[in-house]
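For reference, data31.cif is printed below; it contains mmCIF, C-alpha atoms.
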```cif
data_entry
#
loop_
_atom_site.label_atom_id
_atom_site.label_comp_id
_atom_site.auth_asym_id
_atom_site.auth_seq_id
_atom_site.Cartn_x
_atom_site.Cartn_y
_atom_site.Cartn_z
CA ALA L 66 86.45 121.25 119.35
CA HIS L 67 83.02 121.39 120.96
CA TRP L 68 81.67 118.16 119.54
CA THR L 69 78.91 116.12 121.12
CA TRP L 70 79.59 112.72 122.64
CA GLN L 71 78.61 110.91 119.43
CA ILE L 72 81.80 111.88 117.59
CA PRO L 73 84.36 110.31 119.97
CA ILE L 74 82.29 107.12 120.01
CA TYR L 75 82.21 107.18 116.21
CA PHE L 76 86.02 107.55 116.15
CA TRP L 77 86.26 104.51 118.43
CA LEU L 78 83.80 102.31 116.52
CA GLY L 79 85.13 103.34 113.10
CA GLY L 80 88.65 102.48 114.24
CA ILE L 81 87.55 99.05 115.43
CA GLY L 82 85.82 98.39 112.10
CA ALA L 83 88.85 99.50 110.09
CA GLY L 84 91.33 97.58 112.24
CA THR L 85 89.22 94.43 112.13
CA GLN L 86 89.02 94.60 108.34
CA LEU L 87 92.78 95.07 108.08
CA PHE L 88 93.63 92.10 110.29
CA ALA L 89 91.01 89.80 108.73
CA THR L 90 92.14 90.63 105.20
CA VAL L 91 95.82 90.07 105.97
CA ALA L 92 94.96 86.75 107.65
CA GLN L 93 92.97 85.70 104.57
CA LEU L 94 95.73 86.69 102.14
CA LEU L 95 98.30 84.76 104.18
CA GLY L 96 96.12 81.69 103.98
CA HIS L 97 95.23 81.52 107.68
CA LYS L 98 91.86 79.76 107.93
CA ASP L 99 89.93 80.15 111.17
CA GLU L 100 86.16 80.15 110.81
CA ALA L 101 85.64 81.74 114.23
CA LEU L 102 87.94 84.63 113.38
CA THR L 103 86.28 85.12 110.00
CA ARG L 104 82.80 85.10 111.55
CA ALA L 105 83.73 87.50 114.36
CA SER L 106 85.46 89.87 111.93
CA ARG L 107 82.58 90.04 109.48
CA TYR L 108 79.93 90.67 112.11
CA THR L 109 82.13 93.23 113.86
CA VAL L 110 82.53 95.25 110.67
CA LEU L 111 78.77 95.06 110.07
CA VAL L 112 77.85 96.36 113.52
CA THR L 113 80.43 99.16 113.56
CA MET L 114 79.42 100.33 110.10
CA LEU L 115 75.73 100.29 111.02
CA LEU L 116 76.33 102.39 114.13
CA SER L 117 78.88 104.83 112.68
CA PRO L 118 76.59 106.69 110.23
CA VAL L 119 73.85 106.75 112.88
CA LEU L 120 76.18 108.58 115.26
CA LEU L 121 77.34 111.00 112.56
CA ILE L 122 73.81 111.84 111.42
CA TRP L 123 72.74 112.17 115.05
CA ASP L 124 75.53 114.69 115.65
CA LEU L 125 74.46 116.74 112.61
CA GLY L 126 71.10 117.31 114.25
CA ARG L 127 69.19 117.30 110.97
CA PRO L 128 69.34 114.07 108.89
CA GLU L 129 68.99 115.92 105.59
CA ARG L 130 72.42 117.45 106.12
CA PHE L 131 73.97 114.03 105.63
CA TYR L 132 71.94 113.55 102.47
CA ASN L 133 73.24 116.86 101.14
CA MET L 134 76.81 115.68 101.76
CA MET L 135 76.18 112.67 99.52
CA ARG L 136 75.07 114.80 96.58
CA ILE L 137 78.65 115.51 95.55
CA LEU L 138 82.13 114.07 96.15
CA LYS L 139 84.76 116.66 97.09
CA LEU L 140 88.15 114.96 96.98
CA ARG L 141 89.81 117.84 98.84
CA SER L 142 87.29 117.73 101.68
CA PRO L 143 88.06 115.19 104.44
CA MET L 144 84.42 115.37 105.55
CA SER L 145 83.15 114.49 102.06
CA THR L 146 85.65 111.69 101.44
CA GLN L 147 84.96 110.26 104.91
CA SER L 148 81.22 110.15 104.20
CA TRP L 149 81.70 108.36 100.88
CA SER L 150 84.24 105.91 102.30
CA LEU L 151 81.79 105.04 105.08
CA LEU L 152 79.13 104.43 102.46
CA ALA L 153 81.37 102.13 100.40
CA PHE L 154 82.87 100.29 103.37
CA GLY L 155 79.48 99.85 105.02
CA ASN L 156 77.83 98.40 101.92
CA LEU L 157 80.70 96.01 101.19
CA GLY L 158 80.78 94.95 104.83
CA GLY L 159 77.03 94.43 104.73
CA LEU L 160 77.25 92.14 101.71
CA ILE L 161 80.03 90.10 103.32
CA ALA L 162 78.10 89.79 106.60
CA THR L 163 74.96 88.77 104.69
CA ARG L 164 76.88 85.95 103.07
CA GLN L 165 78.20 84.92 106.49
CA ALA L 166 74.72 85.02 108.04
CA ALA L 167 73.41 82.80 105.25
CA GLU L 168 76.21 80.31 105.86
CA ASP L 169 75.40 80.34 109.59
CA GLY L 170 71.74 79.63 108.89
CA LEU L 171 70.58 82.98 110.28
CA LEU L 172 68.84 84.00 107.04
CA PHE L 173 66.16 82.45 104.84
CA GLY L 174 65.68 79.32 106.95
CA ASP L 175 65.01 76.37 104.65
CA ASN L 176 64.60 78.47 101.51
CA PHE L 177 67.10 76.65 99.32
CA LEU L 178 66.99 79.09 96.38
CA SER L 179 67.55 82.15 98.59
CA ARG L 180 70.45 80.52 100.38
CA ARG L 181 71.93 79.40 97.06
CA ALA L 182 71.60 82.93 95.62
CA ILE L 183 73.18 84.62 98.62
CA ARG L 184 76.15 82.28 98.44
CA LEU L 185 76.95 83.68 95.02
CA ILE L 186 78.29 86.75 96.84
CA PRO L 187 82.11 86.48 96.51
CA ALA L 188 82.91 87.15 100.18
CA ARG L 189 86.67 86.61 99.86
CA LEU L 190 86.94 89.00 96.91
CA LEU L 191 84.75 91.60 98.61
CA THR L 192 86.91 91.35 101.73
CA VAL L 193 89.94 92.46 99.72
CA LEU L 194 87.97 95.16 97.89
CA ALA L 195 86.70 96.53 101.21
CA LEU L 196 90.20 96.90 102.67
CA PRO L 197 91.19 100.26 101.08
CA PHE L 198 87.87 101.80 102.12
CA GLY L 199 88.29 100.43 105.63
CA LEU L 200 91.82 101.81 105.86
CA PHE L 201 90.56 105.19 104.67
CA VAL L 202 87.88 105.22 107.36
CA GLY L 203 90.55 104.37 109.93
CA PHE L 204 93.13 107.02 109.09
CA ASN L 205 91.04 109.80 107.57
CA THR L 206 89.56 110.69 110.95
CA GLY L 207 93.04 111.90 111.87
CA ASN L 208 93.16 114.01 108.73
CA LEU L 209 89.69 115.31 109.51
CA ILE L 210 90.48 116.71 112.94
CA SER L 211 93.88 118.06 111.84
CA GLU L 212 91.94 120.31 109.43
CA THR L 213 90.37 122.10 112.39
CA SER L 214 91.71 125.25 114.01
CA VAL L 215 92.75 123.44 117.20
CA PRO L 216 96.53 124.11 117.36
CA ILE L 217 97.47 120.84 119.04
CA TRP L 218 95.97 118.87 116.12
CA ALA L 219 96.86 121.21 113.29
CA ARG L 220 100.49 121.27 114.42
CA ASN L 221 100.60 117.45 114.36
CA TRP L 222 98.79 116.97 111.04
CA MET L 223 101.44 114.60 109.64
CA LEU L 224 101.09 112.01 112.41
CA MET L 225 97.38 112.23 113.22
CA ALA L 226 96.24 109.79 110.52
CA PRO L 227 98.72 106.96 111.27
CA THR L 228 98.11 107.40 115.01
CA PHE L 229 94.35 107.03 114.54
CA LEU L 230 94.74 103.98 112.30
CA THR L 231 97.20 102.29 114.67
CA SER L 232 94.99 103.00 117.67
CA GLY L 233 91.98 101.54 115.85
CA LEU L 234 93.95 98.43 114.91
CA SER L 235 95.12 97.98 118.50
CA THR L 236 91.54 98.20 119.80
CA ALA L 237 90.30 95.85 117.07
CA LEU L 238 92.90 93.23 117.99
CA SER L 239 91.85 93.50 121.64
CA TRP L 240 88.20 93.13 120.67
CA LEU L 241 88.77 90.06 118.50
CA SER L 242 90.91 88.46 121.18
CA LEU L 243 88.22 89.15 123.80
CA VAL L 244 85.42 87.69 121.67
CA LEU L 245 87.36 84.55 120.75
CA HIS L 246 88.42 84.00 124.36
CA LEU L 247 84.98 84.53 125.87
CA GLY L 248 83.30 82.26 123.34
CA ARG L 249 86.12 79.69 123.46
CA TRP L 250 85.96 79.76 119.65
CA GLY L 251 89.45 80.76 118.59
CA GLU L 252 92.15 78.35 117.61
CA ALA L 253 95.29 78.46 119.73
CA LYS L 254 97.35 79.63 116.76
CA THR L 255 94.96 82.51 116.09
CA LEU L 256 95.04 83.65 119.70
CA ARG L 257 98.84 83.59 119.73
CA VAL L 258 98.97 85.66 116.54
CA LEU L 259 96.50 88.17 117.98
CA HIS L 260 98.58 88.42 121.16
CA ARG L 261 101.83 89.08 119.31
CA ALA L 262 100.20 91.48 116.87
CA GLU L 263 98.61 93.49 119.67
CA LYS L 264 101.92 93.89 121.51
CA ALA L 265 103.63 95.05 118.31
CA VAL L 266 100.86 97.52 117.45
CA ILE L 267 100.86 98.96 120.99
CA ILE L 268 104.59 99.65 120.66
CA ILE L 269 104.04 101.38 117.31
CA GLU L 270 101.17 103.41 118.76
CA GLY L 271 103.35 104.48 121.68
CA LEU L 272 106.14 105.55 119.33
CA LEU L 273 103.68 107.58 117.25
CA ILE L 274 102.33 109.33 120.33
CA GLY L 275 105.88 110.07 121.48
CA ALA L 276 106.75 111.47 118.06
CA SER L 277 103.55 113.51 118.15
CA LEU L 278 104.50 115.10 121.47
CA ILE L 279 107.90 116.04 120.05
CA ARG L 280 106.31 117.49 116.93
CA MET L 281 103.73 119.45 118.94
CA GLY L 282 106.44 121.02 121.07
CA ARG L 283 105.05 123.65 123.41
CA TRP L 284 101.55 123.09 122.02
CA SER L 285 101.43 119.77 123.90
CA LYS L 286 101.52 121.43 127.34
CA PRO L 287 97.71 121.36 127.79
CA LEU L 288 97.85 117.55 127.68
CA PHE L 289 99.73 117.62 130.97
CA SER L 290 97.56 120.24 132.66
CA ARG L 291 95.56 119.48 135.78
CA GLU L 292 92.33 119.26 133.77
CA VAL L 293 93.52 117.02 130.93
CA ALA L 294 96.42 115.01 132.40
CA PRO L 295 94.17 112.44 134.17
CA LEU L 296 92.59 111.64 130.80
CA PHE L 297 95.72 111.76 128.66
CA VAL L 298 98.33 110.31 131.03
CA GLY L 299 96.03 108.14 133.13
CA GLY L 300 93.60 107.12 130.40
CA SER L 301 95.53 107.11 127.13
CA LEU L 302 99.12 106.37 128.16
CA ILE L 303 98.65 104.17 131.24
CA GLY L 304 95.19 102.71 130.64
CA GLY L 305 95.39 102.51 126.85
CA LEU L 306 99.04 101.55 126.25
CA ILE L 307 101.09 100.52 129.28
CA ALA L 308 98.48 98.40 131.09
CA PRO L 309 97.38 96.46 127.98
CA PHE L 310 100.99 95.83 127.01
CA LEU L 311 101.83 94.45 130.48
CA LEU L 312 98.68 92.34 130.54
#
```

Will you turn the file into structure tokens for me?
Amino acid sequence: AHWTWQIPIYFWLGGIGAGTQLFATVAQLLGHKDEALTRASRYTVLVTMLLSPVLLIWDLGRPERFYNMMRILKLRSPMSTQSWSLLAFGNLGGLIATRQAAEDGLLFGDNFLSRRAIRLIPARLLTVLALPFGLFVGFNTGNLISETSVPIWARNWMLMAPTFLTSGLSTALSWLSLVLHLGRWGEAKTLRVLHRAEKAVIIIEGLLIGASLIRMGRWSKPLFSREVAPLFVGGSLIGGLIAPFLL
């Protein structure tokens, strides 16, 4: 597909947002309390969901095209459902991050009434409500590209969505681990959980890619061509799976 550079970056950022929401929600439901993890997760979702629609609208070339997509919901259109899921996930993530910013003293200053009002936002409940929309953003990108006429994706339609979601979760875990390490904010228990989770997710991602290659059959040959192999083998397999796992 002859997409502009904005789309791959959107895939990457959307995956990080979805993976971060998944991990943070599971941690909350299991009763794991780490304020640094909660803060990093909420702000990460906010930033990724602010940038994602900007990249998509930028790629469309004309902003009104995105507005036209929001005029109707087509449940059988991956493009339409992706747009609406971004809208829902972004707004829920924005409310949660606003509550977090108020708690951190980044909003309203000494305005007691404003801070009291913003704390009425049920952040924990909204975190759970945002999860299905976040998951949809994470895996529907795989469905979206498998609807194209590119044989290598269309042939592998069954595994594209879980591969995208797993890859996003893996990158999100790496991001959260990096932030908590650099800021020296994370609790030791949280960092250990992130480490184990990332290793497990990398293994699952590798298995999905292996299964995808088997399913693609002869259609996977271009991935090992002189032009693409440095990116796929060197970038995705070695740089994106093997090296992180060993590290």

Counting only C-alpha atoms, what is within 8 Å of Leu138 (chain L), bar same-chain residues fewer than 6 positions away, as a PDB file with C-alpha atoms, in the frame of the given file?
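Here's the written file out-v7.pdb:
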```
ATOM      1  CA  SER L 145      83.150 114.490 102.060  1.00  0.00           C
ATOM      2  CA  THR L 146      85.650 111.690 101.440  1.00  0.00           C
ATOM      3  CA  TRP L 149      81.700 108.360 100.880  1.00  0.00           C
TER       4      TRP L 149
END
```

Expected selection from the PyMOL selection byres ((chain L and resi 205) around 10), given as an MDAnalysis selection string: chainID L and resid 143:144 146:147 150 199:204 206:211 225:227 229:230

Restricting it to C-alpha atoms, dump the selection as a JSON list (two decimals), keeping the file's coordinate frame.
```json
[["chain", "number", "residue", "atom", "x", "y", "z"],
["L", 143, "PRO", "CA", 88.06, 115.19, 104.44],
["L", 144, "MET", "CA", 84.42, 115.37, 105.55],
["L", 146, "THR", "CA", 85.65, 111.69, 101.44],
["L", 147, "GLN", "CA", 84.96, 110.26, 104.91],
["L", 150, "SER", "CA", 84.24, 105.91, 102.30],
["L", 199, "GLY", "CA", 88.29, 100.43, 105.63],
["L", 200, "LEU", "CA", 91.82, 101.81, 105.86],
["L", 201, "PHE", "CA", 90.56, 105.19, 104.67],
["L", 202, "VAL", "CA", 87.88, 105.22, 107.36],
["L", 203, "GLY", "CA", 90.55, 104.37, 109.93],
["L", 204, "PHE", "CA", 93.13, 107.02, 109.09],
["L", 206, "THR", "CA", 89.56, 110.69, 110.95],
["L", 207, "GLY", "CA", 93.04, 111.90, 111.87],
["L", 208, "ASN", "CA", 93.16, 114.01, 108.73],
["L", 209, "LEU", "CA", 89.69, 115.31, 109.51],
["L", 210, "ILE", "CA", 90.48, 116.71, 112.94],
["L", 211, "SER", "CA", 93.88, 118.06, 111.84],
["L", 225, "MET", "CA", 97.38, 112.23, 113.22],
["L", 226, "ALA", "CA", 96.24, 109.79, 110.52],
["L", 227, "PRO", "CA", 98.72, 106.96, 111.27],
["L", 229, "PHE", "CA", 94.35, 107.03, 114.54],
["L", 230, "LEU", "CA", 94.74, 103.98, 112.30]]
```

Applying the PyMOL selection byres ((chain L and resi 154) around 8) to the file I just gave you, which residues come out? Please list them as a list in words.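 Applying the PyMOL selection byres ((chain L and resi 154) around 8) to the structure shown produces Met114, Ser150, Leu151, Leu152, Ala153, Gly155, Asn156, Leu157, Gly158, Ala195, Phe198 and Gly199 of chain L.
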
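Residue nearest Tyr108 (chain L) within the list L:Leu94, L:Ala262, L:Val215, L:Leu241: L:Leu241 [criterion: smallest interatomic distance, all atoms listed in the file].
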
Report as number ranges by chain all protein, DNA and RNA residues lying within 10 Å of Pro187 (chain L), evaluated on all atoms listed in the file, omitting residues in the same chain fewer than 5 positions from it. L: 160-161, 164, 192

Can you give me, as a PyMOL selection string, the residues this file yields under the PyMOL selection byres ((chain L and resi 106) around 8)? chain L and resi 85-86+89+102-105+107-110+241

For the atom pair CA of Glu270 (chain L) and CA of Leu140 (chain L), what is the interatomic distance in Å to one decimal place?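 Answer for the CA of Glu270 (chain L) to CA of Leu140 (chain L) separation: 27.9 Å.
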
Would you mind reading off the distance between CA of Thr69 (chain L) and CA of Ile137 (chain L), one decimal, in Å? 25.6 Å

Is there a way to get, as a VMD selection string, all residues within 8 Å of the point (90.1, 104.2, 120.9) in file coordinates, counting all atoms listed in the file? chain L and resid 76 to 78 80 to 81 232 to 233 236

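Relative to CA of Leu115 (chain L), CA of Met135 (chain L) is found at 16.9 Å.
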
Closest to Arg249 (chain L) among L:Ala294, L:Val91, L:Ala101, L:Ile279, using all atoms listed in the file?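 Distance minimum relative to Arg249 (chain L) lands on L:Ala101.
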
Can you pull out every residue within 12 Å of region 125-129 of chain L, counting only C-alpha atoms, but drop anything in the same chain fewer than 4 positions away, and send it as a ChimeraX atom specification? /L:68-72,118-121,133-136

For the point (95.9, 122.0, 117.9) in file coordinates, what residues are within 12 Å, counting all atoms listed in the file? Give the answer as a PyMOL selection string? chain L and resi 66+210-222+225+277-278+280-288

Applying 12 Å and all atoms listed in the file, which residues near Lys264 (chain L) remain after dropping the ones on its own chain fewer than 5 positions away? List them as a VMD selection string. chain L and resid 231 234 to 236 238 to 239 257 to 259 269 to 271 306 to 312

Which residue is closest to Ala92 (chain L)? Choose from L:Val193, L:Leu273, L:Leu116, L:Leu224 and count all atoms listed in the file. L:Val193

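Residue nearest Lys98 (chain L) within the list L:Arg130, L:Lys254, L:Arg291, L:Arg261: L:Lys254 [criterion: smallest interatomic distance, all atoms listed in the file].
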
Residue with smallest distance to Val112 (chain L) - pool L:Gly159, L:Trp250, L:Leu296, L:Ala167, counting all atoms listed in the file: L:Gly159
